[in-house]
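**Q** Supplied structure: model39.cif, mmCIF, C-alpha atoms, pLDDT in the B column; chains and numbers go by the auth columns.
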data_run
loop_
_atom_site.group_PDB
_atom_site.id
_atom_site.type_symbol
_atom_site.label_atom_id
_atom_site.label_comp_id
_atom_site.label_asym_id
_atom_site.label_seq_id
_atom_site.Cartn_x
_atom_site.Cartn_y
_atom_site.Cartn_z
_atom_site.B_iso_or_equiv
_atom_site.auth_seq_id
_atom_site.auth_asym_id
ATOM 1 C CA MET A 1 -20.777 11.189 1.153 85.00 29 Z
ATOM 2 C CA LEU A 2 -18.494 8.599 -0.391 96.00 30 Z
ATOM 3 C CA VAL A 3 -14.712 8.513 -0.804 97.00 31 Z
ATOM 4 C CA ASP A 4 -12.691 6.836 -3.551 98.00 32 Z
ATOM 5 C CA SER A 5 -9.723 5.656 -1.513 98.00 33 Z
ATOM 6 C CA HIS A 6 -7.523 4.812 -4.514 98.00 34 Z
ATOM 7 C CA CYS A 7 -7.353 6.119 -8.075 97.00 35 Z
ATOM 8 C CA HIS A 8 -4.877 7.359 -10.681 95.00 36 Z
ATOM 9 C CA ILE A 9 -6.524 10.381 -12.228 93.00 37 Z
ATOM 10 C CA GLU A 10 -3.238 12.041 -13.196 88.00 38 Z
ATOM 11 C CA PHE A 11 -2.844 9.348 -15.888 85.00 39 Z
ATOM 12 C CA ASN A 12 -3.055 10.411 -19.515 83.00 40 Z
ATOM 13 C CA ASP A 13 -6.428 8.640 -19.722 84.00 41 Z
ATOM 14 C CA PHE A 14 -7.962 11.720 -18.067 91.00 42 Z
ATOM 15 C CA GLU A 15 -5.966 14.581 -19.556 84.00 43 Z
ATOM 16 C CA ASP A 16 -8.713 15.648 -21.967 89.00 44 Z
ATOM 17 C CA ASP A 17 -11.687 15.621 -19.601 92.00 45 Z
ATOM 18 C CA ILE A 18 -10.543 16.010 -16.006 93.00 46 Z
ATOM 19 C CA GLU A 19 -13.149 18.723 -15.380 94.00 47 Z
ATOM 20 C CA GLU A 20 -15.884 16.306 -16.451 96.00 48 Z
ATOM 21 C CA ILE A 21 -14.428 13.662 -14.132 95.00 49 Z
ATOM 22 C CA ILE A 22 -14.615 16.125 -11.239 95.00 50 Z
ATOM 23 C CA GLN A 23 -18.178 17.041 -12.181 96.00 51 Z
ATOM 24 C CA HIS A 24 -19.165 13.364 -12.222 96.00 52 Z
ATOM 25 C CA MET A 25 -17.745 13.032 -8.701 96.00 53 Z
ATOM 26 C CA LYS A 26 -19.910 15.932 -7.557 94.00 54 Z
ATOM 27 C CA GLU A 27 -23.040 14.560 -9.238 95.00 55 Z
ATOM 28 C CA ASN A 28 -22.577 11.174 -7.576 95.00 56 Z
ATOM 29 C CA GLY A 29 -21.714 12.372 -4.086 95.00 57 Z
ATOM 30 C CA ILE A 30 -18.035 11.443 -4.175 96.00 58 Z
ATOM 31 C CA THR A 31 -16.612 13.965 -1.734 95.00 59 Z
ATOM 32 C CA ALA A 32 -12.912 13.030 -1.874 96.00 60 Z
ATOM 33 C CA ALA A 33 -10.407 10.793 -3.635 97.00 61 Z
ATOM 34 C CA LEU A 34 -6.862 9.621 -2.995 97.00 62 Z
ATOM 35 C CA ASN A 35 -4.594 9.744 -6.018 95.00 63 Z
ATOM 36 C CA ALA A 36 -2.075 6.960 -5.362 94.00 64 Z
ATOM 37 C CA GLY A 37 1.567 7.047 -6.375 87.00 65 Z
ATOM 38 C CA ASN A 38 2.748 4.907 -9.255 88.00 66 Z
ATOM 39 C CA ASN A 39 6.197 6.300 -9.973 89.00 67 Z
ATOM 40 C CA ILE A 40 8.174 9.238 -8.667 89.00 68 Z
ATOM 41 C CA ASP A 41 8.153 11.014 -12.029 87.00 69 Z
ATOM 42 C CA GLY A 42 4.388 11.426 -11.822 87.00 70 Z
ATOM 43 C CA LEU A 43 4.375 13.070 -8.402 93.00 71 Z
ATOM 44 C CA ASP A 44 4.374 16.636 -9.753 91.00 72 Z
ATOM 45 C CA GLU A 45 1.243 15.913 -11.812 90.00 73 Z
ATOM 46 C CA GLN A 46 -0.420 14.350 -8.774 93.00 74 Z
ATOM 47 C CA LEU A 47 0.387 17.330 -6.583 95.00 75 Z
ATOM 48 C CA ALA A 48 -0.822 19.763 -9.226 93.00 76 Z
ATOM 49 C CA LEU A 49 -4.252 18.121 -9.074 93.00 77 Z
ATOM 50 C CA SER A 50 -4.224 18.099 -5.274 94.00 78 Z
ATOM 51 C CA GLU A 51 -3.331 21.769 -5.151 93.00 79 Z
ATOM 52 C CA LYS A 52 -6.085 22.660 -7.604 93.00 80 Z
ATOM 53 C CA TYR A 53 -8.768 20.511 -5.972 93.00 81 Z
ATOM 54 C CA PRO A 54 -8.736 20.445 -2.143 91.00 82 Z
ATOM 55 C CA PHE A 55 -10.682 17.170 -2.035 94.00 83 Z
ATOM 56 C CA ILE A 56 -8.029 15.269 -4.037 95.00 84 Z
ATOM 57 C CA TYR A 57 -5.282 13.798 -1.862 97.00 85 Z
ATOM 58 C CA THR A 58 -1.962 12.303 -2.909 96.00 86 Z
ATOM 59 C CA ALA A 59 0.238 9.352 -1.975 97.00 87 Z
ATOM 60 C CA VAL A 60 3.906 9.051 -2.912 97.00 88 Z
ATOM 61 C CA GLY A 61 5.307 5.712 -3.976 97.00 89 Z
ATOM 62 C CA VAL A 62 6.611 3.282 -6.571 97.00 90 Z
ATOM 63 C CA HIS A 63 4.437 0.491 -7.953 97.00 91 Z
ATOM 64 C CA PRO A 64 6.162 -2.931 -7.909 97.00 92 Z
ATOM 65 C CA HIS A 65 5.941 -3.006 -11.706 97.00 93 Z
ATOM 66 C CA ASN A 66 8.362 -0.068 -11.694 97.00 94 Z
ATOM 67 C CA ALA A 67 10.775 -1.323 -9.033 97.00 95 Z
ATOM 68 C CA ASP A 68 13.611 -2.013 -11.487 97.00 96 Z
ATOM 69 C CA GLU A 69 13.415 1.532 -12.845 96.00 97 Z
ATOM 70 C CA TYR A 70 13.307 3.065 -9.367 97.00 98 Z
ATOM 71 C CA SER A 71 15.527 0.653 -7.464 96.00 99 Z
ATOM 72 C CA TYR A 72 17.463 3.661 -6.151 96.00 100 Z
ATOM 73 C CA VAL A 73 14.494 4.899 -4.092 96.00 101 Z
ATOM 74 C CA THR A 74 15.213 5.095 -0.377 97.00 102 Z
ATOM 75 C CA ALA A 75 13.077 5.692 2.691 98.00 103 Z
ATOM 76 C CA GLU A 76 14.761 9.065 3.112 98.00 104 Z
ATOM 77 C CA TYR A 77 13.756 10.076 -0.409 96.00 105 Z
ATOM 78 C CA LEU A 78 10.139 9.072 0.212 97.00 106 Z
ATOM 79 C CA ILE A 79 10.096 10.828 3.567 97.00 107 Z
ATOM 80 C CA GLU A 80 11.272 14.056 1.969 97.00 108 Z
ATOM 81 C CA LYS A 81 8.616 13.819 -0.764 95.00 109 Z
ATOM 82 C CA SER A 82 5.907 13.070 1.806 96.00 110 Z
ATOM 83 C CA LYS A 83 6.328 16.419 3.580 95.00 111 Z
ATOM 84 C CA HIS A 84 3.908 18.162 1.197 94.00 112 Z
ATOM 85 C CA LYS A 85 0.648 18.879 3.032 94.00 113 Z
ATOM 86 C CA LYS A 86 -1.452 16.966 0.480 95.00 114 Z
ATOM 87 C CA VAL A 87 0.637 13.767 0.643 96.00 115 Z
ATOM 88 C CA VAL A 88 -1.326 11.614 3.085 97.00 116 Z
ATOM 89 C CA ALA A 89 0.163 8.155 2.492 98.00 117 Z
ATOM 90 C CA ILE A 90 3.161 6.143 1.294 98.00 118 Z
ATOM 91 C CA GLY A 91 2.527 4.001 -1.770 97.00 119 Z
ATOM 92 C CA GLU A 92 1.302 2.306 -3.659 97.00 120 Z
ATOM 93 C CA CYS A 93 4.049 -0.234 -3.197 98.00 121 Z
ATOM 94 C CA GLY A 94 4.410 -3.958 -2.714 98.00 122 Z
ATOM 95 C CA LEU A 95 4.925 -7.145 -4.663 98.00 123 Z
ATOM 96 C CA ASP A 96 3.523 -8.377 -7.977 97.00 124 Z
ATOM 97 C CA TYR A 97 4.712 -11.841 -8.999 97.00 125 Z
ATOM 98 C CA TYR A 98 1.940 -12.280 -11.569 95.00 126 Z
ATOM 99 C CA TYR A 99 3.522 -10.082 -14.233 93.00 127 Z
ATOM 100 C CA ASP A 100 7.082 -9.944 -12.854 87.00 128 Z
ATOM 101 C CA TYR A 101 7.744 -6.698 -14.724 96.00 129 Z
ATOM 102 C CA SER A 102 10.501 -6.057 -12.168 97.00 130 Z
ATOM 103 C CA SER A 103 12.812 -8.535 -10.468 98.00 131 Z
ATOM 104 C CA LYS A 104 11.670 -9.987 -7.158 97.00 132 Z
ATOM 105 C CA GLU A 105 14.891 -8.731 -5.607 98.00 133 Z
ATOM 106 C CA ASN A 106 14.161 -5.123 -6.518 98.00 134 Z
ATOM 107 C CA GLN A 107 10.475 -5.424 -5.682 98.00 135 Z
ATOM 108 C CA ILE A 108 11.329 -6.572 -2.164 98.00 136 Z
ATOM 109 C CA LYS A 109 14.039 -3.949 -1.756 98.00 137 Z
ATOM 110 C CA VAL A 110 11.811 -1.064 -2.828 98.00 138 Z
ATOM 111 C CA PHE A 111 8.861 -2.408 -0.812 98.00 139 Z
ATOM 112 C CA LYS A 112 10.932 -2.399 2.367 98.00 140 Z
ATOM 113 C CA GLU A 113 12.064 1.172 1.773 98.00 141 Z
ATOM 114 C CA HIS A 114 8.400 2.196 1.641 98.00 142 Z
ATOM 115 C CA ILE A 115 7.768 0.367 4.906 98.00 143 Z
ATOM 116 C CA TYR A 116 10.665 2.185 6.559 98.00 144 Z
ATOM 117 C CA ALA A 117 9.241 5.497 5.343 98.00 145 Z
ATOM 118 C CA ALA A 118 5.825 4.620 6.782 98.00 146 Z
ATOM 119 C CA GLN A 119 7.394 3.657 10.092 98.00 147 Z
ATOM 120 C CA GLU A 120 9.334 6.906 10.284 98.00 148 Z
ATOM 121 C CA THR A 121 6.578 9.312 9.176 97.00 149 Z
ATOM 122 C CA GLY A 122 3.550 7.607 10.699 97.00 150 Z
ATOM 123 C CA LEU A 123 1.815 7.836 7.326 98.00 151 Z
ATOM 124 C CA PRO A 124 -0.172 4.747 6.292 98.00 152 Z
ATOM 125 C CA LEU A 125 1.168 2.334 3.703 98.00 153 Z
ATOM 126 C CA ILE A 126 -0.796 1.490 0.539 98.00 154 Z
ATOM 127 C CA ILE A 127 0.059 -2.059 -0.507 98.00 155 Z
ATOM 128 C CA HIS A 128 -0.348 -3.711 -3.898 98.00 156 Z
ATOM 129 C CA THR A 129 0.091 -7.479 -3.835 98.00 157 Z
ATOM 130 C CA ARG A 130 -0.622 -10.091 -6.499 97.00 158 Z
ATOM 131 C CA ASP A 131 0.444 -13.734 -6.466 97.00 159 Z
ATOM 132 C CA ALA A 132 2.762 -12.813 -3.610 97.00 160 Z
ATOM 133 C CA ASP A 133 0.741 -13.459 -0.464 97.00 161 Z
ATOM 134 C CA GLU A 134 3.414 -15.522 1.287 97.00 162 Z
ATOM 135 C CA ASP A 135 6.195 -12.977 0.841 98.00 163 Z
ATOM 136 C CA THR A 136 3.861 -10.059 1.583 98.00 164 Z
ATOM 137 C CA ILE A 137 2.801 -11.578 4.898 98.00 165 Z
ATOM 138 C CA LYS A 138 6.388 -12.527 5.757 98.00 166 Z
ATOM 139 C CA ILE A 139 7.770 -9.050 5.114 98.00 167 Z
ATOM 140 C CA LEU A 140 4.927 -7.235 6.835 98.00 168 Z
ATOM 141 C CA LYS A 141 5.152 -9.513 9.874 98.00 169 Z
ATOM 142 C CA GLU A 142 8.915 -9.098 10.223 98.00 170 Z
ATOM 143 C CA GLU A 143 8.847 -5.318 9.850 98.00 171 Z
ATOM 144 C CA TYR A 144 5.709 -4.783 11.946 98.00 172 Z
ATOM 145 C CA GLU A 145 7.288 -6.665 14.843 98.00 173 Z
ATOM 146 C CA LYS A 146 10.280 -4.305 14.675 98.00 174 Z
ATOM 147 C CA LYS A 147 8.137 -1.156 14.621 98.00 175 Z
ATOM 148 C CA PRO A 148 4.351 -1.068 14.065 98.00 176 Z
ATOM 149 C CA PHE A 149 2.878 0.920 11.194 98.00 177 Z
ATOM 150 C CA SER A 150 -0.556 1.392 9.673 98.00 178 Z
ATOM 151 C CA GLY A 151 -1.815 0.696 6.179 98.00 179 Z
ATOM 152 C CA GLU A 152 -4.150 -1.078 3.819 98.00 180 Z
ATOM 153 C CA ILE A 153 -4.199 -3.835 1.257 98.00 181 Z
ATOM 154 C CA HIS A 154 -5.509 -1.937 -1.733 98.00 182 Z
ATOM 155 C CA CYS A 155 -7.678 -3.535 -4.420 98.00 183 Z
ATOM 156 C CA PHE A 156 -7.810 -6.744 -2.399 98.00 184 Z
ATOM 157 C CA SER A 157 -8.328 -9.761 -4.653 97.00 185 Z
ATOM 158 C CA THR A 158 -6.252 -12.495 -3.083 94.00 186 Z
ATOM 159 C CA GLY A 159 -6.466 -15.153 -0.370 95.00 187 Z
ATOM 160 C CA ARG A 160 -8.209 -15.285 2.983 97.00 188 Z
ATOM 161 C CA GLU A 161 -4.948 -15.730 4.906 98.00 189 Z
ATOM 162 C CA LEU A 162 -3.669 -12.326 3.814 98.00 190 Z
ATOM 163 C CA ALA A 163 -6.973 -10.632 4.636 98.00 191 Z
ATOM 164 C CA GLU A 164 -7.021 -12.143 8.115 98.00 192 Z
ATOM 165 C CA PHE A 165 -3.374 -11.246 8.707 98.00 193 Z
ATOM 166 C CA ALA A 166 -3.937 -7.660 7.569 98.00 194 Z
ATOM 167 C CA VAL A 167 -6.863 -7.251 9.945 98.00 195 Z
ATOM 168 C CA SER A 168 -4.866 -8.837 12.787 98.00 196 Z
ATOM 169 C CA ILE A 169 -2.283 -6.030 12.645 98.00 197 Z
ATOM 170 C CA GLY A 170 -4.906 -3.312 12.305 98.00 198 Z
ATOM 171 C CA PHE A 171 -4.689 -2.846 8.544 98.00 199 Z
ATOM 172 C CA TYR A 172 -7.625 -2.001 6.329 98.00 200 Z
ATOM 173 C CA VAL A 173 -8.790 -3.991 3.293 98.00 201 Z
ATOM 174 C CA SER A 174 -10.042 -2.139 0.222 98.00 202 Z
ATOM 175 C CA ALA A 175 -12.706 -3.417 -2.170 98.00 203 Z
ATOM 176 C CA SER A 176 -12.583 -2.527 -5.854 98.00 204 Z
ATOM 177 C CA GLY A 177 -14.777 -3.235 -8.865 98.00 205 Z
ATOM 178 C CA ILE A 178 -13.522 -6.826 -8.787 98.00 206 Z
ATOM 179 C CA ILE A 179 -16.127 -7.665 -6.130 98.00 207 Z
ATOM 180 C CA THR A 180 -18.846 -6.943 -8.720 98.00 208 Z
ATOM 181 C CA PHE A 181 -17.504 -9.459 -11.239 98.00 209 Z
ATOM 182 C CA ASN A 182 -19.517 -12.628 -11.783 95.00 210 Z
ATOM 183 C CA LYS A 183 -16.591 -14.939 -11.030 95.00 211 Z
ATOM 184 C CA SER A 184 -15.654 -13.249 -7.744 97.00 212 Z
ATOM 185 C CA GLY A 185 -17.853 -15.315 -5.435 97.00 213 Z
ATOM 186 C CA GLU A 186 -14.962 -16.474 -3.272 97.00 214 Z
ATOM 187 C CA LEU A 187 -13.713 -12.906 -2.928 98.00 215 Z
ATOM 188 C CA ARG A 188 -17.156 -11.742 -1.839 98.00 216 Z
ATOM 189 C CA GLU A 189 -17.167 -14.467 0.827 98.00 217 Z
ATOM 190 C CA ILE A 190 -13.903 -13.121 2.216 98.00 218 Z
ATOM 191 C CA PHE A 191 -15.253 -9.570 2.320 98.00 219 Z
ATOM 192 C CA ALA A 192 -18.344 -10.845 4.127 98.00 220 Z
ATOM 193 C CA ASP A 193 -16.075 -11.771 7.034 98.00 221 Z
ATOM 194 C CA ILE A 194 -13.943 -8.620 7.168 98.00 222 Z
ATOM 195 C CA PRO A 195 -15.007 -6.346 10.068 98.00 223 Z
ATOM 196 C CA GLU A 196 -16.838 -3.208 8.991 98.00 224 Z
ATOM 197 C CA ASP A 197 -14.310 -0.986 10.735 98.00 225 Z
ATOM 198 C CA ARG A 198 -11.560 -2.324 8.418 98.00 226 Z
ATOM 199 C CA LEU A 199 -13.280 -1.722 5.073 98.00 227 Z
ATOM 200 C CA LEU A 200 -12.498 0.779 2.326 98.00 228 Z
ATOM 201 C CA VAL A 201 -13.800 1.175 -1.234 98.00 229 Z
ATOM 202 C CA GLU A 202 -11.932 2.290 -4.340 98.00 230 Z
ATOM 203 C CA THR A 203 -11.994 2.375 -8.123 98.00 231 Z
ATOM 204 C CA ASP A 204 -8.293 2.026 -9.008 97.00 232 Z
ATOM 205 C CA SER A 205 -9.249 4.266 -11.941 97.00 233 Z
ATOM 206 C CA PRO A 206 -8.738 4.080 -14.855 96.00 234 Z
ATOM 207 C CA PHE A 207 -8.666 0.302 -14.331 96.00 235 Z
ATOM 208 C CA LEU A 208 -11.183 -2.307 -13.158 97.00 236 Z
ATOM 209 C CA ALA A 209 -14.470 -0.665 -14.083 97.00 237 Z
ATOM 210 C CA PRO A 210 -17.227 -2.385 -12.083 97.00 238 Z
ATOM 211 C CA VAL A 211 -20.335 -4.088 -13.377 96.00 239 Z
ATOM 212 C CA PRO A 212 -22.300 -2.646 -15.206 94.00 240 Z
ATOM 213 C CA LEU A 213 -19.442 -0.685 -16.821 96.00 241 Z
ATOM 214 C CA ARG A 214 -16.878 -3.406 -17.526 94.00 242 Z
ATOM 215 C CA GLY A 215 -14.784 -2.674 -20.587 91.00 243 Z
ATOM 216 C CA HIS A 216 -15.013 1.080 -20.118 95.00 244 Z
ATOM 217 C CA ARG A 217 -12.532 3.487 -18.596 95.00 245 Z
ATOM 218 C CA ASN A 218 -13.078 3.627 -14.852 97.00 246 Z
ATOM 219 C CA GLU A 219 -13.369 6.882 -12.890 97.00 247 Z
ATOM 220 C CA PRO A 220 -13.878 7.915 -9.229 97.00 248 Z
ATOM 221 C CA ALA A 221 -17.649 8.412 -9.606 97.00 249 Z
ATOM 222 C CA ASN A 222 -17.978 4.667 -10.188 98.00 250 Z
ATOM 223 C CA VAL A 223 -16.940 3.873 -6.625 98.00 251 Z
ATOM 224 C CA LYS A 224 -20.669 4.001 -5.864 98.00 252 Z
ATOM 225 C CA TYR A 225 -21.094 0.630 -7.618 98.00 253 Z
ATOM 226 C CA VAL A 226 -18.399 -0.893 -5.423 98.00 254 Z
ATOM 227 C CA ALA A 227 -20.050 0.494 -2.295 98.00 255 Z
ATOM 228 C CA GLU A 228 -23.440 -0.808 -3.429 98.00 256 Z
ATOM 229 C CA LYS A 229 -22.081 -4.342 -3.893 98.00 257 Z
ATOM 230 C CA LEU A 230 -20.179 -4.227 -0.597 98.00 258 Z
ATOM 231 C CA ALA A 231 -23.360 -3.065 1.151 98.00 259 Z
ATOM 232 C CA GLN A 232 -25.166 -6.116 -0.265 98.00 260 Z
ATOM 233 C CA ILE A 233 -22.365 -8.403 0.891 98.00 261 Z
ATOM 234 C CA LYS A 234 -22.462 -6.947 4.418 98.00 262 Z
ATOM 235 C CA ASN A 235 -26.273 -6.730 4.474 98.00 263 Z
ATOM 236 C CA VAL A 236 -26.415 -3.011 5.230 98.00 264 Z
ATOM 237 C CA SER A 237 -27.825 -0.057 3.327 98.00 265 Z
ATOM 238 C CA PHE A 238 -25.791 1.801 0.735 98.00 266 Z
ATOM 239 C CA GLU A 239 -25.962 4.917 2.916 97.00 267 Z
ATOM 240 C CA LYS A 240 -24.580 2.986 5.866 98.00 268 Z
ATOM 241 C CA MET A 241 -21.730 1.548 3.800 98.00 269 Z
ATOM 242 C CA ALA A 242 -20.862 5.005 2.462 98.00 270 Z
ATOM 243 C CA GLU A 243 -20.746 6.269 6.041 97.00 271 Z
ATOM 244 C CA ILE A 244 -18.628 3.345 7.232 98.00 272 Z
ATOM 245 C CA THR A 245 -16.032 3.507 4.466 98.00 273 Z
ATOM 246 C CA SER A 246 -15.771 7.305 4.531 97.00 274 Z
ATOM 247 C CA HIS A 247 -15.224 7.250 8.293 97.00 275 Z
ATOM 248 C CA ASN A 248 -12.597 4.539 7.876 97.00 276 Z
ATOM 249 C CA PHE A 249 -10.827 6.567 5.196 97.00 277 Z
ATOM 250 C CA TYR A 250 -10.340 9.570 7.449 96.00 278 Z
ATOM 251 C CA LYS A 251 -9.444 7.359 10.382 96.00 279 Z
ATOM 252 C CA LEU A 252 -6.636 5.712 8.400 97.00 280 Z
ATOM 253 C CA PHE A 253 -5.455 8.704 6.367 97.00 281 Z
ATOM 254 C CA ARG A 254 -5.304 11.087 9.323 95.00 282 Z
ATOM 255 C CA LYS A 255 -3.402 13.751 7.406 95.00 283 Z
ATOM 256 C CA ALA A 256 -6.414 14.133 5.099 93.00 284 Z
ATOM 257 C CA SER A 257 -9.021 16.559 6.385 75.00 285 Z
ATOM 258 C CA ASP A 258 -12.732 16.156 5.807 59.00 286 Z
ATOM 259 C CA LYS A 259 -13.389 19.767 6.839 53.00 287 Z
ATOM 260 C CA GLY A 260 -12.798 21.171 3.359 45.00 288 Z
ATOM 261 C CA ARG A 261 -14.166 18.264 1.365 48.00 289 Z
ATOM 262 C CA TYR A 262 -16.609 18.847 -1.457 44.00 290 Z
ATOM 263 C CA ASP A 263 -15.204 22.323 -1.993 45.00 291 Z
ATOM 264 C CA TYR A 264 -16.162 22.537 -5.672 37.00 292 Z
#
Show me this structure written as structure tokens.

**A**
Amino acid sequence: MLVDSHCHIEFNDFEDDIEEIIQHMKENGITAALNAGNNIDGLDEQLALSEKYPFIYTAVGVHPHNADEYSYVTAEYLIEKSKHKKVVAIGECGLDYYYDYSSKENQIKVFKEHIYAAQETGLPLIIHTRDADEDTIKILKEEYEKKPFSGEIHCFSTGRELAEFAVSIGFYVSASGIITFNKSGELREIFADIPEDRLLVETDSPFLAPVPLRGHRNEPANVKYVAEKLAQIKNVSFEKMAEITSHNFYKLFRKASDKGRYDY
């Protein structure tokens, strides 16, 4: 079995062939996927997929790109939305200073509201961070010291300091197709040092298709290429890496159940 711990299959990219996407998951042994939140307006579409397919889970959150548009979002709002049985996480949320599509002020504000929701519900936090390591560490450290919470750095592609900090507070670190890219040698070195019990794999579909599919639309079935590369990095078999990352997924996302997985 293998789990795609982060994708966006409610996006319009998949509206014409979602049944084929599900079939590809089955053919490639992908037994579950977590459809991460991007904006509140898309939650109904996410939940519709989760209700139709028992092996598709949902997270509720606002991407930092959308923080200006959803600056009104509060922890209470997120907590209310997270009560649905298929919502297993808060996020994705965080900071993105690379594009700066939203103001830093609103990104930080909305990020903290997600943290408060995670602290209150006990649901893990899915964090997006790009060119914002210093502020991400600062905010997480300050809030974690007030009240611990669990979570992951999704699609990790940044510096060693953040990876080590995340592991130090019990967070998980998720590998995406980026680790397969030719120029990602330094990133692979960081993943080589991350403990096995803190690793996850994801596609971030429809983005970041791994080698050998770069330039194509990504989909959950392609998480196998990420797991294969991570297995090489950690010097274990593909089967072992699939076992490790699937176990870690259900350990982190405790509200998700593996009892009904692969119910096609």

**Q** Could you expand the PyMOL selection byres ((chain Z and resi 281) around 8) into the explicit residues it covers here, written as a list in words?

**A**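 Answer for the PyMOL selection byres ((chain Z and resi 281) around 8): Val116, Ala117, Leu151, Pro152, Phe277, Tyr278, Lys279, Leu280, Arg282, Lys283 and Ala284 of chain Z.
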
**Q** Got a sec to resolve the PyMOL selection byres ((chain Z and resi 239) around 8) on this structure and send the residues as a list in words?

**A**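 After applying the PyMOL selection byres ((chain Z and resi 239) around 8), what remains is Gly205, Thr208, Phe209, Ala237, Pro238, Pro240, Leu241, Arg242 and Tyr253 of chain Z.
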
**Q** Can you tell me how far atom CA of Ala194 of chain Z sits from atom CA of Arg226 of chain Z, in Å to one decimal?

**A**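 Value for the atom CA of Ala194 of chain Z-atom CA of Arg226 of chain Z distance: 9.3 Å.
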
**Q** Report as a list in words all protein, DNA and RNA residues lying within 7 Å of Ile84 of chain Z, evaluated on all atoms listed in the file, omitting residues in the same chain fewer than 3 positions from it.

**A**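 The filter keeps Ala60, Ala61, Leu62, Asn63, Leu77, Ser78 and Tyr81 of chain Z.
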
**Q** Since I can't run it myself right now, could you work out what the PyMOL selection byres ((chain Z and resi 121) around 9) selects here and report it as a compact mmCIF listing (two decimals) with C-alpha atoms, in the coordinates of the input?

**A**
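Below you can see out.txt, which holds the result:
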# COMPACT_ATOMS: atom_id res chain seq x y z
CA GLY Z 65 1.57 7.05 -6.38
CA ASN Z 66 2.75 4.91 -9.26
CA GLY Z 89 5.31 5.71 -3.98
CA VAL Z 90 6.61 3.28 -6.57
CA HIS Z 91 4.44 0.49 -7.95
CA PRO Z 92 6.16 -2.93 -7.91
CA ALA Z 95 10.78 -1.32 -9.03
CA ILE Z 118 3.16 6.14 1.29
CA GLY Z 119 2.53 4.00 -1.77
CA GLU Z 120 1.30 2.31 -3.66
CA GLY Z 122 4.41 -3.96 -2.71
CA LEU Z 123 4.92 -7.14 -4.66
CA GLN Z 135 10.48 -5.42 -5.68
CA VAL Z 138 11.81 -1.06 -2.83
CA PHE Z 139 8.86 -2.41 -0.81
CA HIS Z 142 8.40 2.20 1.64
CA ILE Z 143 7.77 0.37 4.91
CA LEU Z 153 1.17 2.33 3.70
CA ILE Z 154 -0.80 1.49 0.54
CA ILE Z 155 0.06 -2.06 -0.51
CA HIS Z 156 -0.35 -3.71 -3.90
CA THR Z 157 0.09 -7.48 -3.84

**Q** If you count all atoms listed in the file, which residues fall within 9 Å of Glu141 of chain Z, apart from same-chain ones fewer than 2 positions away, as a compact mmCIF listing (two decimals) with C-alpha atoms, in the frame of the given file?

**A**
# COMPACT_ATOMS: atom_id res chain seq x y z
CA VAL Z 101 14.49 4.90 -4.09
CA THR Z 102 15.21 5.10 -0.38
CA ALA Z 103 13.08 5.69 2.69
CA GLU Z 104 14.76 9.06 3.11
CA LEU Z 106 10.14 9.07 0.21
CA ILE Z 136 11.33 -6.57 -2.16
CA LYS Z 137 14.04 -3.95 -1.76
CA VAL Z 138 11.81 -1.06 -2.83
CA PHE Z 139 8.86 -2.41 -0.81
CA ILE Z 143 7.77 0.37 4.91
CA TYR Z 144 10.66 2.18 6.56
CA ALA Z 145 9.24 5.50 5.34
CA ALA Z 146 5.82 4.62 6.78

**Q** Between atom CA of Glu47 of chain Z and atom CA of Leu236 of chain Z, what distance in Å does the model show, to one decimal?

**A** 21.2 Å

**Q** Would you kindly return, as a list in words, each protein, DNA or RNA residue with an atom no farther than 6 Å from any atom of segment 108-114 of chain Z, considering all atoms listed in the file and excluding same-chain residues fewer than 3 positions away?

**A**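 Non-adjacent residues within range: Tyr85, Thr86 and Tyr105 of chain Z.
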
**Q** N, CA and C atoms are what I want for segment 197-205 of chain Z; can you complete it accordingly and write them as a PDB file, keeping the file's coordinate frame?

**A**
ATOM      1  N   ILE Z 197      -3.249  -7.080  12.283  1.00 98.00           N
ATOM      2  CA  ILE Z 197      -2.283  -6.030  12.645  1.00 98.00           C
ATOM      3  C   ILE Z 197      -2.896  -4.629  12.487  1.00 98.00           C
ATOM      4  N   GLY Z 198      -4.216  -4.592  12.353  1.00 98.00           N
ATOM      5  CA  GLY Z 198      -4.906  -3.312  12.305  1.00 98.00           C
ATOM      6  C   GLY Z 198      -4.966  -2.658  10.951  1.00 98.00           C
ATOM      7  N   PHE Z 199      -4.615  -3.383   9.893  1.00 98.00           N
ATOM      8  CA  PHE Z 199      -4.689  -2.846   8.544  1.00 98.00           C
ATOM      9  C   PHE Z 199      -6.134  -2.830   8.051  1.00 98.00           C
ATOM     10  N   TYR Z 200      -6.340  -2.064   7.003  1.00 98.00           N
ATOM     11  CA  TYR Z 200      -7.625  -2.001   6.329  1.00 98.00           C
ATOM     12  C   TYR Z 200      -7.546  -2.813   5.033  1.00 98.00           C
ATOM     13  N   VAL Z 201      -8.715  -3.203   4.520  1.00 98.00           N
ATOM     14  CA  VAL Z 201      -8.790  -3.991   3.293  1.00 98.00           C
ATOM     15  C   VAL Z 201      -9.756  -3.285   2.349  1.00 98.00           C
ATOM     16  N   SER Z 202      -9.274  -2.966   1.150  1.00 98.00           N
ATOM     17  CA  SER Z 202     -10.042  -2.139   0.222  1.00 98.00           C
ATOM     18  C   SER Z 202     -10.673  -2.961  -0.895  1.00 98.00           C
ATOM     19  N   ALA Z 203     -11.956  -2.749  -1.101  1.00 98.00           N
ATOM     20  CA  ALA Z 203     -12.706  -3.417  -2.170  1.00 98.00           C
ATOM     21  C   ALA Z 203     -12.704  -2.555  -3.423  1.00 98.00           C
ATOM     22  N   SER Z 204     -12.544  -3.209  -4.560  1.00 98.00           N
ATOM     23  CA  SER Z 204     -12.583  -2.527  -5.854  1.00 98.00           C
ATOM     24  C   SER Z 204     -13.711  -3.115  -6.698  1.00 98.00           C
ATOM     25  N   GLY Z 205     -13.751  -2.716  -7.962  1.00 98.00           N
ATOM     26  CA  GLY Z 205     -14.777  -3.235  -8.865  1.00 98.00           C
ATOM     27  C   GLY Z 205     -14.736  -4.740  -9.038  1.00 98.00           C
TER      28      GLY Z 205
END
